[in-house]
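K.L.:
So I've got this file, input.cif, and it contains mmCIF, C-alpha atoms:
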```cif
data_run
loop_
_atom_site.group_PDB
_atom_site.id
_atom_site.type_symbol
_atom_site.label_atom_id
_atom_site.label_comp_id
_atom_site.auth_asym_id
_atom_site.auth_seq_id
_atom_site.Cartn_x
_atom_site.Cartn_y
_atom_site.Cartn_z
ATOM 1 C CA MET A 1 141.708 177.638 103.006
ATOM 2 C CA GLU A 2 140.511 174.735 100.863
ATOM 3 C CA LYS A 3 136.871 173.794 101.328
ATOM 4 C CA VAL A 4 136.390 170.761 103.542
ATOM 5 C CA VAL A 5 133.435 168.433 104.202
ATOM 6 C CA CYS A 6 133.109 167.328 107.838
ATOM 7 C CA ALA A 7 130.830 164.442 108.824
ATOM 8 C CA CYS A 8 129.282 164.783 112.260
ATOM 9 C CA GLY A 9 126.760 163.133 114.572
ATOM 10 C CA ALA A 10 125.139 159.990 113.171
ATOM 11 C CA SER A 11 127.125 160.231 109.910
ATOM 12 C CA ALA A 12 130.393 160.242 111.858
ATOM 13 C CA LEU A 13 129.201 157.174 113.760
ATOM 14 C CA GLU A 14 128.413 155.434 110.462
ATOM 15 C CA LEU A 15 131.933 156.242 109.285
ATOM 16 C CA TYR A 16 133.495 154.736 112.429
ATOM 17 C CA ARG A 17 131.440 151.575 112.066
ATOM 18 C CA SER A 18 132.279 151.201 108.381
ATOM 19 C CA SER A 19 135.997 151.609 109.172
ATOM 20 C CA LYS A 20 135.940 148.316 111.133
ATOM 21 C CA ARG A 21 139.516 147.080 111.598
ATOM 22 C CA LEU A 22 140.917 150.297 110.110
ATOM 23 C CA ILE A 23 139.733 152.260 113.147
ATOM 24 C CA PRO A 24 143.270 152.503 114.656
ATOM 25 C CA THR A 25 144.464 154.107 111.388
ATOM 26 C CA LEU A 26 141.538 156.515 111.476
ATOM 27 C CA LEU A 27 142.241 157.517 115.060
ATOM 28 C CA ASP A 28 145.907 158.214 114.273
ATOM 29 C CA LYS A 29 145.052 160.869 111.674
ATOM 30 C CA PRO A 30 145.920 164.554 112.391
ATOM 31 C CA ARG A 31 143.399 166.484 114.472
ATOM 32 C CA THR A 32 142.337 170.082 114.906
ATOM 33 C CA GLY A 33 139.731 172.283 116.548
ATOM 34 C CA GLN A 34 139.519 174.831 113.726
ATOM 35 C CA VAL A 35 136.255 174.996 111.769
ATOM 36 C CA THR A 36 137.254 177.617 109.177
ATOM 37 C CA GLY A 37 136.512 176.333 105.679
ATOM 38 C CA LEU A 38 134.009 173.638 106.663
ATOM 39 C CA SER A 39 131.266 173.745 104.050
ATOM 40 C CA VAL A 40 128.857 171.663 101.961
ATOM 41 C CA PRO A 41 129.607 170.844 98.295
ATOM 42 C CA PRO A 42 126.955 170.319 95.615
ATOM 43 C CA ARG A 43 124.585 167.410 96.136
ATOM 44 C CA GLN A 44 126.315 164.800 93.909
ATOM 45 C CA LEU A 45 129.818 165.669 95.091
ATOM 46 C CA LEU A 46 128.692 165.330 98.698
ATOM 47 C CA ALA A 47 127.051 161.975 98.000
ATOM 48 C CA ASP A 48 130.249 160.737 96.338
ATOM 49 C CA ASP A 49 132.388 161.885 99.280
ATOM 50 C CA MET A 50 130.096 160.274 101.830
ATOM 51 C CA THR A 51 129.823 156.975 99.940
ATOM 52 C CA VAL A 52 133.605 156.688 99.597
ATOM 53 C CA HIS A 53 133.868 156.924 103.391
ATOM 54 C CA GLY A 54 131.139 154.372 104.078
ATOM 55 C CA ILE A 55 128.309 156.832 104.839
ATOM 56 C CA VAL A 56 125.098 155.976 102.985
ATOM 57 C CA SER A 57 122.279 156.969 105.347
ATOM 58 C CA LYS A 58 120.463 160.212 104.603
ATOM 59 C CA PRO A 59 120.125 162.934 105.524
ATOM 60 C CA TYR A 60 123.882 163.359 105.814
ATOM 61 C CA HIS A 61 124.955 165.053 109.044
ATOM 62 C CA VAL A 62 127.480 167.773 108.255
ATOM 63 C CA LEU A 63 129.379 170.261 110.418
ATOM 64 C CA VAL A 64 129.863 173.673 108.801
ATOM 65 C CA ASP A 65 131.536 176.983 109.587
ATOM 66 C CA GLY A 66 128.512 179.079 110.535
ATOM 67 C CA ASN A 67 130.371 182.313 109.786
ATOM 68 C CA ARG A 68 130.456 181.457 106.065
ATOM 69 C CA GLY A 69 126.693 181.081 105.763
ATOM 70 C CA TYR A 70 124.944 177.979 104.536
ATOM 71 C CA ASN A 71 121.766 176.744 102.887
ATOM 72 C CA GLN A 72 119.597 173.926 104.189
ATOM 73 C CA ARG A 73 118.877 171.073 101.793
ATOM 74 C CA GLN A 74 116.766 167.919 101.975
ATOM 75 C CA ASP A 75 119.833 165.668 101.719
ATOM 76 C CA ILE A 76 121.661 167.197 104.693
ATOM 77 C CA GLN A 77 121.236 168.043 108.355
ATOM 78 C CA ILE A 78 123.582 170.876 109.234
ATOM 79 C CA THR A 79 125.278 171.632 112.537
ATOM 80 C CA ALA A 80 126.712 175.140 112.385
ATOM 81 C CA CYS A 81 129.760 176.073 114.462
ATOM 82 C CA TYR A 82 130.679 179.731 114.928
ATOM 83 C CA ARG A 83 133.855 179.422 116.991
ATOM 84 C CA PRO A 84 136.825 177.061 117.241
ATOM 85 C CA LEU A 85 136.243 173.767 118.993
ATOM 86 C CA PRO A 86 138.553 172.308 121.651
ATOM 87 C CA PRO A 87 141.792 170.912 120.181
ATOM 88 C CA ARG A 88 141.542 167.420 118.624
ATOM 89 C CA SER A 89 137.767 167.659 118.185
ATOM 90 C CA LEU A 90 138.011 167.073 114.423
ATOM 91 C CA ILE A 91 139.881 164.288 112.606
ATOM 92 C CA LYS A 92 141.455 165.110 109.235
ATOM 93 C CA ILE A 93 140.860 161.957 107.191
ATOM 94 C CA ASP A 94 142.289 163.642 104.083
ATOM 95 C CA ARG A 95 142.663 167.157 102.674
ATOM 96 C CA SER A 96 138.999 167.579 101.769
ATOM 97 C CA PHE A 97 137.162 165.253 104.158
ATOM 98 C CA TRP A 98 137.107 165.373 107.969
ATOM 99 C CA THR A 99 134.959 163.880 110.695
ATOM 100 C CA VAL A 100 134.186 164.900 114.254
ATOM 101 C CA SER A 101 135.942 162.913 116.960
ATOM 102 C CA PRO A 102 134.142 160.014 118.676
ATOM 103 C CA GLU A 103 133.874 162.203 121.786
ATOM 104 C CA LEU A 104 132.113 165.013 119.907
ATOM 105 C CA SER A 105 129.933 162.534 118.005
ATOM 106 C CA PHE A 106 128.664 161.135 121.321
ATOM 107 C CA ILE A 107 127.692 164.640 122.465
ATOM 108 C CA GLN A 108 125.994 165.481 119.162
ATOM 109 C CA ILE A 109 124.001 162.234 119.066
ATOM 110 C CA ALA A 110 122.931 162.867 122.673
ATOM 111 C CA GLY A 111 121.255 165.993 121.293
ATOM 112 C CA ASP A 112 119.074 163.898 118.972
ATOM 113 C CA ASN A 113 115.777 163.151 120.700
ATOM 114 C CA THR A 114 115.061 160.207 118.385
ATOM 115 C CA TRP A 115 117.718 158.330 120.401
ATOM 116 C CA SER A 116 116.472 157.045 123.765
ATOM 117 C CA ASN A 117 118.554 157.332 126.915
ATOM 118 C CA PHE A 118 119.245 153.600 126.711
ATOM 119 C CA ASP A 119 120.420 153.983 123.094
ATOM 120 C CA ILE A 120 122.827 156.748 124.121
ATOM 121 C CA ILE A 121 124.252 154.714 127.001
ATOM 122 C CA SER A 122 124.648 151.681 124.715
ATOM 123 C CA LEU A 123 126.441 153.897 122.202
ATOM 124 C CA GLY A 124 128.783 155.067 124.960
ATOM 125 C CA TYR A 125 129.623 151.431 125.749
ATOM 126 C CA GLU A 126 130.341 150.800 122.058
ATOM 127 C CA LEU A 127 132.551 153.865 121.588
ATOM 128 C CA CYS A 128 134.435 153.078 124.797
ATOM 129 C CA GLY A 129 134.515 149.320 124.129
ATOM 130 C CA THR A 130 136.493 147.036 121.844
ATOM 131 C CA TYR A 131 133.818 146.449 119.201
ATOM 132 C CA VAL A 132 131.823 148.384 116.625
ATOM 133 C CA LEU A 133 128.439 147.343 115.234
ATOM 134 C CA ASP A 134 128.395 146.665 111.499
ATOM 135 C CA ASP A 135 126.792 144.576 108.733
ATOM 136 C CA SER A 136 129.175 141.617 108.999
ATOM 137 C CA TRP A 137 127.911 138.064 109.587
ATOM 138 C CA ASP A 138 127.886 138.375 113.384
ATOM 139 C CA GLY A 139 126.914 142.042 113.539
ATOM 140 C CA LEU A 140 130.136 143.433 114.957
ATOM 141 C CA THR A 141 133.868 143.805 114.472
ATOM 142 C CA CYS A 142 136.252 143.575 117.395
ATOM 143 C CA THR A 143 138.818 146.365 117.468
ATOM 144 C CA GLU A 144 142.366 146.569 118.761
ATOM 145 C CA LYS A 145 141.464 149.446 121.049
ATOM 146 C CA PRO A 146 138.396 151.549 121.881
ATOM 147 C CA LEU A 147 137.556 154.574 119.771
ATOM 148 C CA THR A 148 137.567 156.635 122.950
ATOM 149 C CA SER A 149 137.080 156.411 126.712
ATOM 150 C CA THR A 150 134.701 157.775 129.310
ATOM 151 C CA GLU A 151 137.558 159.971 130.545
ATOM 152 C CA LYS A 152 138.088 161.542 127.105
ATOM 153 C CA ILE A 153 134.372 162.142 126.582
ATOM 154 C CA GLY A 154 134.181 163.601 130.089
ATOM 155 C CA ARG A 155 137.033 166.011 129.388
ATOM 156 C CA LEU A 156 135.303 167.239 126.239
ATOM 157 C CA THR A 157 131.959 167.696 127.979
ATOM 158 C CA ASP A 158 133.778 169.790 130.593
ATOM 159 C CA SER A 159 135.500 171.988 127.999
ATOM 160 C CA ILE A 160 132.692 172.587 125.503
ATOM 161 C CA HIS A 161 129.654 174.755 126.205
ATOM 162 C CA ARG A 162 126.370 175.807 124.616
ATOM 163 C CA VAL A 163 126.240 172.733 122.410
ATOM 164 C CA THR A 164 123.010 170.833 121.832
ATOM 165 C CA GLY A 165 123.111 167.576 123.780
ATOM 166 C CA ILE A 166 125.853 168.557 126.205
ATOM 167 C CA LYS A 167 123.731 168.289 129.376
ATOM 168 C CA ARG A 168 122.238 164.970 128.333
ATOM 169 C CA ALA A 169 125.670 163.633 127.392
ATOM 170 C CA ARG A 170 127.092 164.606 130.812
ATOM 171 C CA ASN A 171 124.177 162.977 132.615
ATOM 172 C CA LEU A 172 124.227 159.670 130.693
ATOM 173 C CA LEU A 173 128.005 159.281 130.490
ATOM 174 C CA LYS A 174 128.134 158.396 134.182
ATOM 175 C CA TYR A 175 126.265 155.161 133.372
ATOM 176 C CA VAL A 176 128.838 154.040 130.778
ATOM 177 C CA ASN A 177 131.609 151.563 131.598
ATOM 178 C CA GLY A 178 134.571 151.187 129.249
ATOM 179 C CA LEU A 179 136.135 148.070 127.678
ATOM 180 C CA SER A 180 133.006 146.079 126.871
ATOM 181 C CA ASN A 181 133.921 143.459 124.284
ATOM 182 C CA SER A 182 130.514 142.789 122.692
ATOM 183 C CA PRO A 183 126.943 144.122 122.477
ATOM 184 C CA MET A 184 125.682 141.383 124.803
ATOM 185 C CA GLU A 185 128.314 142.200 127.426
ATOM 186 C CA THR A 186 126.995 145.770 127.175
ATOM 187 C CA VAL A 187 123.384 144.592 127.640
ATOM 188 C CA LEU A 188 124.352 142.478 130.664
ATOM 189 C CA ALA A 189 126.376 145.317 132.174
ATOM 190 C CA MET A 190 123.492 147.766 131.808
ATOM 191 C CA LEU A 191 120.972 145.326 133.288
ATOM 192 C CA VAL A 192 123.028 144.843 136.449
ATOM 193 C CA SER A 193 124.540 148.323 136.881
ATOM 194 C CA LEU A 194 121.938 150.900 135.815
ATOM 195 C CA PRO A 195 120.044 152.443 138.748
ATOM 196 C CA THR A 196 116.754 150.882 139.809
ATOM 197 C CA THR A 197 114.945 154.062 138.713
ATOM 198 C CA MET A 198 115.946 153.089 135.148
ATOM 199 C CA GLY A 199 115.097 149.402 135.577
ATOM 200 C CA GLY A 200 118.592 148.151 136.359
ATOM 201 C CA LEU A 201 119.626 146.272 139.477
ATOM 202 C CA GLY A 202 121.687 149.199 140.771
ATOM 203 C CA LEU A 203 124.702 146.988 141.483
ATOM 204 C CA GLY A 204 128.291 148.085 141.165
ATOM 205 C CA PRO A 205 130.714 149.480 140.574
ATOM 206 C CA ILE A 206 131.623 147.049 137.811
ATOM 207 C CA SER A 207 134.802 146.540 135.802
ATOM 208 C CA MET A 208 134.489 145.346 132.197
ATOM 209 C CA ASN A 209 136.919 142.670 131.000
ATOM 210 C CA HIS A 210 138.503 142.829 134.415
ATOM 211 C CA PRO A 211 142.036 141.398 134.712
ATOM 212 C CA VAL A 212 142.508 138.672 137.315
ATOM 213 C CA ALA A 213 145.924 137.414 138.412
ATOM 214 C CA THR A 214 146.144 133.599 138.343
ATOM 215 C CA PRO A 215 149.028 131.151 138.866
ATOM 216 C CA VAL A 216 149.400 130.870 135.071
ATOM 217 C CA GLY A 217 149.207 134.582 134.295
ATOM 218 C CA ARG A 218 146.542 137.236 133.898
ATOM 219 C CA ARG A 219 143.053 136.205 132.786
ATOM 220 C CA ARG A 220 139.994 138.385 132.178
ATOM 221 C CA VAL A 221 136.399 138.140 133.315
ATOM 222 C CA ASP A 222 133.639 139.804 131.247
ATOM 223 C CA ILE A 223 132.144 141.790 134.152
ATOM 224 C CA GLY A 224 133.823 141.988 137.505
ATOM 225 C CA PHE A 225 132.505 143.110 140.875
ATOM 226 C CA THR A 226 136.000 143.600 142.180
ATOM 227 C CA ARG A 227 135.255 144.356 145.833
ATOM 228 C CA GLN A 228 133.209 141.167 146.247
ATOM 229 C CA ARG A 229 135.437 139.184 143.831
ATOM 230 C CA VAL A 230 132.470 138.056 141.753
ATOM 231 C CA GLY A 231 132.528 137.807 137.968
ATOM 232 C CA LEU A 232 129.912 137.388 135.219
ATOM 233 C CA GLU A 233 130.743 135.478 132.038
ATOM 234 C CA TYR A 234 128.360 135.757 129.075
ATOM 235 C CA GLN A 235 128.061 132.342 127.387
ATOM 236 C CA GLY A 236 125.333 132.939 124.812
ATOM 237 C CA LYS A 237 127.423 132.817 121.654
ATOM 238 C CA GLU A 238 126.104 130.164 119.303
ATOM 239 C CA PHE A 239 129.157 130.354 117.112
ATOM 240 C CA HIS A 240 131.416 129.181 119.952
ATOM 241 C CA SER A 241 132.948 125.880 118.914
ATOM 242 C CA ILE A 242 133.262 122.951 121.315
ATOM 243 C CA GLU A 243 136.997 123.647 121.445
ATOM 244 C CA ALA A 244 136.433 127.315 122.273
ATOM 245 C CA ALA A 245 133.893 126.389 124.952
ATOM 246 C CA GLY A 246 136.483 124.078 126.479
ATOM 247 C CA ARG A 247 139.071 126.838 126.504
ATOM 248 C CA ASP A 248 136.552 129.164 128.181
ATOM 249 C CA ALA A 249 135.823 126.562 130.858
ATOM 250 C CA ARG A 250 139.516 126.004 131.579
ATOM 251 C CA ARG A 251 140.074 129.778 131.694
ATOM 252 C CA GLN A 252 137.264 130.081 134.236
ATOM 253 C CA ASN A 253 138.801 127.308 136.329
ATOM 254 C CA LYS A 254 141.954 129.409 136.636
ATOM 255 C CA ILE A 255 139.916 132.477 137.619
ATOM 256 C CA VAL A 256 137.879 130.523 140.186
ATOM 257 C CA GLY A 257 141.113 129.089 141.540
ATOM 258 C CA SER A 258 142.250 132.649 142.179
ATOM 259 C CA GLY A 259 139.358 133.360 144.518
ATOM 260 C CA PHE A 260 136.749 134.725 142.102
ATOM 261 C CA THR A 261 133.183 133.421 142.097
ATOM 262 C CA ILE A 262 132.046 133.089 138.470
ATOM 263 C CA LEU A 263 128.405 133.150 137.356
ATOM 264 C CA ASN A 264 127.768 132.017 133.772
ATOM 265 C CA VAL A 265 124.978 133.876 131.969
ATOM 266 C CA TRP A 266 123.206 132.687 128.808
ATOM 267 C CA TYR A 267 120.961 134.640 126.434
ATOM 268 C CA GLU A 268 117.937 132.727 127.738
ATOM 269 C CA ASP A 269 118.705 134.000 131.250
ATOM 270 C CA LEU A 270 118.142 137.542 130.037
ATOM 271 C CA VAL A 271 114.982 137.101 127.948
ATOM 272 C CA ASP A 272 113.045 134.524 129.968
ATOM 273 C CA GLU A 273 111.357 136.133 132.976
ATOM 274 C CA HIS A 274 111.695 133.130 135.289
ATOM 275 C CA LEU A 275 115.337 132.491 134.380
ATOM 276 C CA PHE A 276 116.160 136.180 134.694
ATOM 277 C CA GLN A 277 114.776 136.325 138.213
ATOM 278 C CA GLN A 278 116.769 133.194 139.079
ATOM 279 C CA PHE A 279 119.901 134.861 137.731
ATOM 280 C CA THR A 280 119.328 138.031 139.750
ATOM 281 C CA ASP A 281 118.723 135.981 142.913
ATOM 282 C CA ASP A 282 121.979 134.092 142.316
ATOM 283 C CA LEU A 283 123.848 137.338 141.700
ATOM 284 C CA PHE A 284 122.635 139.034 144.888
ATOM 285 C CA ARG A 285 123.498 135.882 146.822
ATOM 286 C CA ALA A 286 127.004 135.740 145.345
ATOM 287 C CA LEU A 287 127.546 139.418 146.176
ATOM 288 C CA GLY A 288 126.389 138.857 149.740
ATOM 289 C CA SER A 289 123.601 141.422 149.348
ATOM 290 C CA ARG A 290 119.931 141.266 150.178
ATOM 291 C CA LYS A 291 117.629 141.853 147.241
ATOM 292 C CA ARG A 292 115.773 144.882 148.564
ATOM 293 C CA ILE A 293 114.568 147.180 145.790
ATOM 294 C CA ARG A 294 112.267 149.942 146.940
ATOM 295 C CA THR A 295 111.813 151.806 143.643
ATOM 296 C CA SER A 296 108.099 152.183 142.913
ATOM 297 C CA GLY A 297 107.045 150.195 139.850
ATOM 298 C CA PHE A 298 110.474 148.585 139.586
ATOM 299 C CA HIS A 299 109.370 145.357 137.878
ATOM 300 C CA THR A 300 107.655 147.354 135.129
ATOM 301 C CA LEU A 301 110.761 149.508 134.699
ATOM 302 C CA GLN A 302 112.905 146.374 134.567
ATOM 303 C CA LYS A 303 110.759 144.798 131.841
ATOM 304 C CA ILE A 304 110.861 148.008 129.805
ATOM 305 C CA LEU A 305 114.650 148.111 130.119
ATOM 306 C CA ARG A 306 115.018 144.503 128.960
ATOM 307 C CA MET A 307 112.634 145.090 126.052
ATOM 308 C CA GLN A 308 114.628 148.180 125.059
ATOM 309 C CA LEU A 309 118.027 146.539 125.315
ATOM 310 C CA MET A 310 117.579 143.107 123.774
ATOM 311 C CA PRO A 311 116.496 144.338 120.302
ATOM 312 C CA THR A 312 119.711 146.403 120.114
ATOM 313 C CA VAL A 313 121.464 143.121 119.359
ATOM 314 C CA THR A 314 118.914 141.540 117.017
ATOM 315 C CA ARG A 315 118.681 144.753 114.964
ATOM 316 C CA TYR A 316 122.264 144.333 113.856
ATOM 317 C CA GLY A 317 122.078 140.646 113.025
ATOM 318 C CA GLY A 318 124.137 139.486 115.991
ATOM 319 C CA ASN A 319 124.491 135.720 116.289
ATOM 320 C CA GLU A 320 125.139 135.773 120.011
ATOM 321 C CA PHE A 321 121.887 134.065 120.932
#
```
Translate the structure described by the file into structure tokens.
P.N.:
Amino acid sequence: MEKVVCACGASALELYRSSKRLIPTLLDKPRTGQVTGLSVPPRQLLADDMTVHGIVSKPYHVLVDGNRGYNQRQDIQITACYRPLPPRSLIKIDRSFWTVSPELSFIQIAGDNTWSNFDIISLGYELCGTYVLDDSWDGLTCTEKPLTSTEKIGRLTDSIHRVTGIKRARNLLKYVNGLSNSPMETVLAMLVSLPTTMGGLGLGPISMNHPVATPVGRRRVDIGFTRQRVGLEYQGKEFHSIEAAGRDARRQNKIVGSGFTILNVWYEDLVDEHLFQQFTDDLFRALGSRKRIRTSGFHTLQKILRMQLMPTVTRYGGNEF
């Protein structure tokens, strides 16, 4: 079999993000679970292959066939596989370059202790959402469809064993909700839905970009509490034009007219302590719930969570403030 390079872990994630609007084409490539022939070429050839596919961060993360033997190098971090993986775990980008699937990448990154639990959950939202973080002017590219789903990741975690990160991936996946449309929707969703022991409000279940039937057709709300018919709309996008803001307001009027209570949330509501507490009071009131949080040290946990989450947007140059 011809020798093949296979990006994995963080390098696979970098490839997905660099693919941007070509992600649907990437996902439609042939797949396999066979690892025979996966190897590492000489240093310059590997660098050329990685650069062509949008991977520039070192060390490169590479999956290899452990039965062939391998040598560690400073420019690579190797994950050795000694048996076939579940079907469709690897994507064949071309004859000599593959990548692990988004589902397997999530599991592998969960095995990296330099990523916090909040980072892993945020990554799950991204992989299961309709955006990828990148270096464009607003820090993200919206995609036609998610790279994967919580169901697909869950199926892989159930079918793969003795892999670094598998237990952590299983544990954190339950906090991920699919179909987020932006990093700030992800931040807002985590703040309201994560358990109080992690600093969240412990509210839910939630439905991202939830469809609502109105007299003029289906509309969507950013975060829906479907049982209570309450929705959250994130409004903190500076690049929204006056015309777009007007369209958003009219869209909300249709949703409200269909029996949904809509709470608008701005960036300032999430970073300013006083405004954040006002927002949470309004949310509990809209949901018809009493704000009774008994977790010891909750306010400290909540502040840590907000401090951890908000930089995840500013790091990537997002203009959603």
K.L.:
So which residues get picked by the PyMOL selection byres ((chain A and resi 63) around 7) here, written as a PyMOL selection string?
P.N.:
chain A and resi 6-8+38+61-62+64+78-80
K.L.:
Given the point (127.4, 157.0, 125.2) in the file's coordinates, find the residues that have an atom at most 8 Å from it, counting only C-alpha atoms, and give them as a PyMOL selection string.
P.N.:
chain A and resi 106+110+119-127+169+172-173+176
K.L.:
Would you write out, as CSV, a table of all residues in region 86-167 of chain A that have an atom no more than 10 Å from an atom of region 195-212 of chain A, listing for each the closest atom pair and the distance in Å to one decimal, considering all atoms listed in the file and ordering rows by chain and rising residue number?
P.N.:
```
residue,atom,partner,partner_atom,distance
A:Asn117,CA,A:Met198,CA,9.6
A:Phe118,CA,A:Met198,CA,9.1
A:Gly129,CA,A:Met208,CA,9.0
```
K.L.:
Run the PyMOL selection byres ((chain A and resi 302) around 12) mentally over the shown coordinates, then write out the matched residues as number ranges by chain, using the chain letters and numbers from the document.
P.N.:
A: 190-192, 194-202, 270-271, 273, 276-277, 280, 293, 295-301, 303-309
K.L.:
Near Gly33 (chain A), counting only C-alpha atoms, which residues have an atom at most 7 Å away, once you skip same-chain residues fewer than 5 positions from it, shown as a ChimeraX atom specification?
P.N.:
/A:84-90
K.L.:
What does the distance from CA of Ser149 (chain A) to CA of Tyr131 (chain A) come to in Å, to one decimal?
P.N.:
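These two atoms are separated by 12.9 Å.
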K.L.:
Which residues are near Ile160 (chain A)? Cut-off 10 Å, all atoms listed in the file, ignore same chain within fewer than 3 positions. Put them as a list in words.
P.N.:
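Contacts, in chain order: Leu85, Pro86, Leu104, Ile107, Arg155, Leu156, Thr157, Val163 and Ile166 of chain A.
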K.L.:
Under the PyMOL selection byres ((chain A and resi 25) around 12), which residues of this model are included? Write them out as a VMD selection string.
P.N.:
chain A and resid 16 19 to 24 26 to 30 91 to 93 143 to 145 147
K.L.:
Kindly export the residues of the current selection with C-alpha atoms, as a JSON list (two decimals), in the frame of the given file.
P.N.:
```
[["chain", "number", "residue", "atom", "x", "y", "z"],
["A", 16, "TYR", "CA", 133.50, 154.74, 112.43],
["A", 19, "SER", "CA", 136.00, 151.61, 109.17],
["A", 20, "LYS", "CA", 135.94, 148.32, 111.13],
["A", 21, "ARG", "CA", 139.52, 147.08, 111.60],
["A", 22, "LEU", "CA", 140.92, 150.30, 110.11],
["A", 23, "ILE", "CA", 139.73, 152.26, 113.15],
["A", 24, "PRO", "CA", 143.27, 152.50, 114.66],
["A", 26, "LEU", "CA", 141.54, 156.51, 111.48],
["A", 27, "LEU", "CA", 142.24, 157.52, 115.06],
["A", 28, "ASP", "CA", 145.91, 158.21, 114.27],
["A", 29, "LYS", "CA", 145.05, 160.87, 111.67],
["A", 30, "PRO", "CA", 145.92, 164.55, 112.39],
["A", 91, "ILE", "CA", 139.88, 164.29, 112.61],
["A", 92, "LYS", "CA", 141.46, 165.11, 109.24],
["A", 93, "ILE", "CA", 140.86, 161.96, 107.19],
["A", 143, "THR", "CA", 138.82, 146.36, 117.47],
["A", 144, "GLU", "CA", 142.37, 146.57, 118.76],
["A", 145, "LYS", "CA", 141.46, 149.45, 121.05],
["A", 147, "LEU", "CA", 137.56, 154.57, 119.77]]
```
K.L.:
When you draw a straight line from CA of Gly224 (chain A) to CA of Thr150 (chain A), how long is it in Å?
P.N.:
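Interatomic distance, CA of Gly224 (chain A) to CA of Thr150 (chain A): 17.8 Å.
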K.L.:
Just want the 9 Å neighbourhood of Lys291 (chain A), counted on all atoms listed in the file, with same-chain residues fewer than 6 positions away dropped. Output as a PyMOL selection string.
P.N.:
chain A and resi 280-281+284-285
K.L.:
What is the CA of Thr36 (chain A) to CA of Ile76 (chain A) distance in Å?
P.N.:
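If I compute the distance from CA of Thr36 (chain A) to CA of Ile76 (chain A), I get 19.3 Å.
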K.L.:
When you count all atoms listed in the file, which of these residues is closest to Arg162 (chain A): A:Gln235, A:Ala213, A:Met184, A:Cys81?
P.N.:
A:Cys81
K.L.:
Please determine, counting all atoms listed in the file, which residue among A:Ser18, A:Ser11, A:Ser136, A:Ser116 has the shortest atom-to-atom distance to Gln77 (chain A).
P.N.:
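Among the listed residues, A:Ser11 lies closest to Gln77 (chain A).
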K.L.:
When you count all atoms listed in the file, which of these residues is closest to Gly139 (chain A): A:Leu13, A:Pro183, A:Pro59, A:Gly217?
P.N.:
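Of A:Leu13, A:Pro183, A:Pro59, A:Gly217, the one nearest Gly139 (chain A), counting all atoms listed in the file, is A:Pro183.
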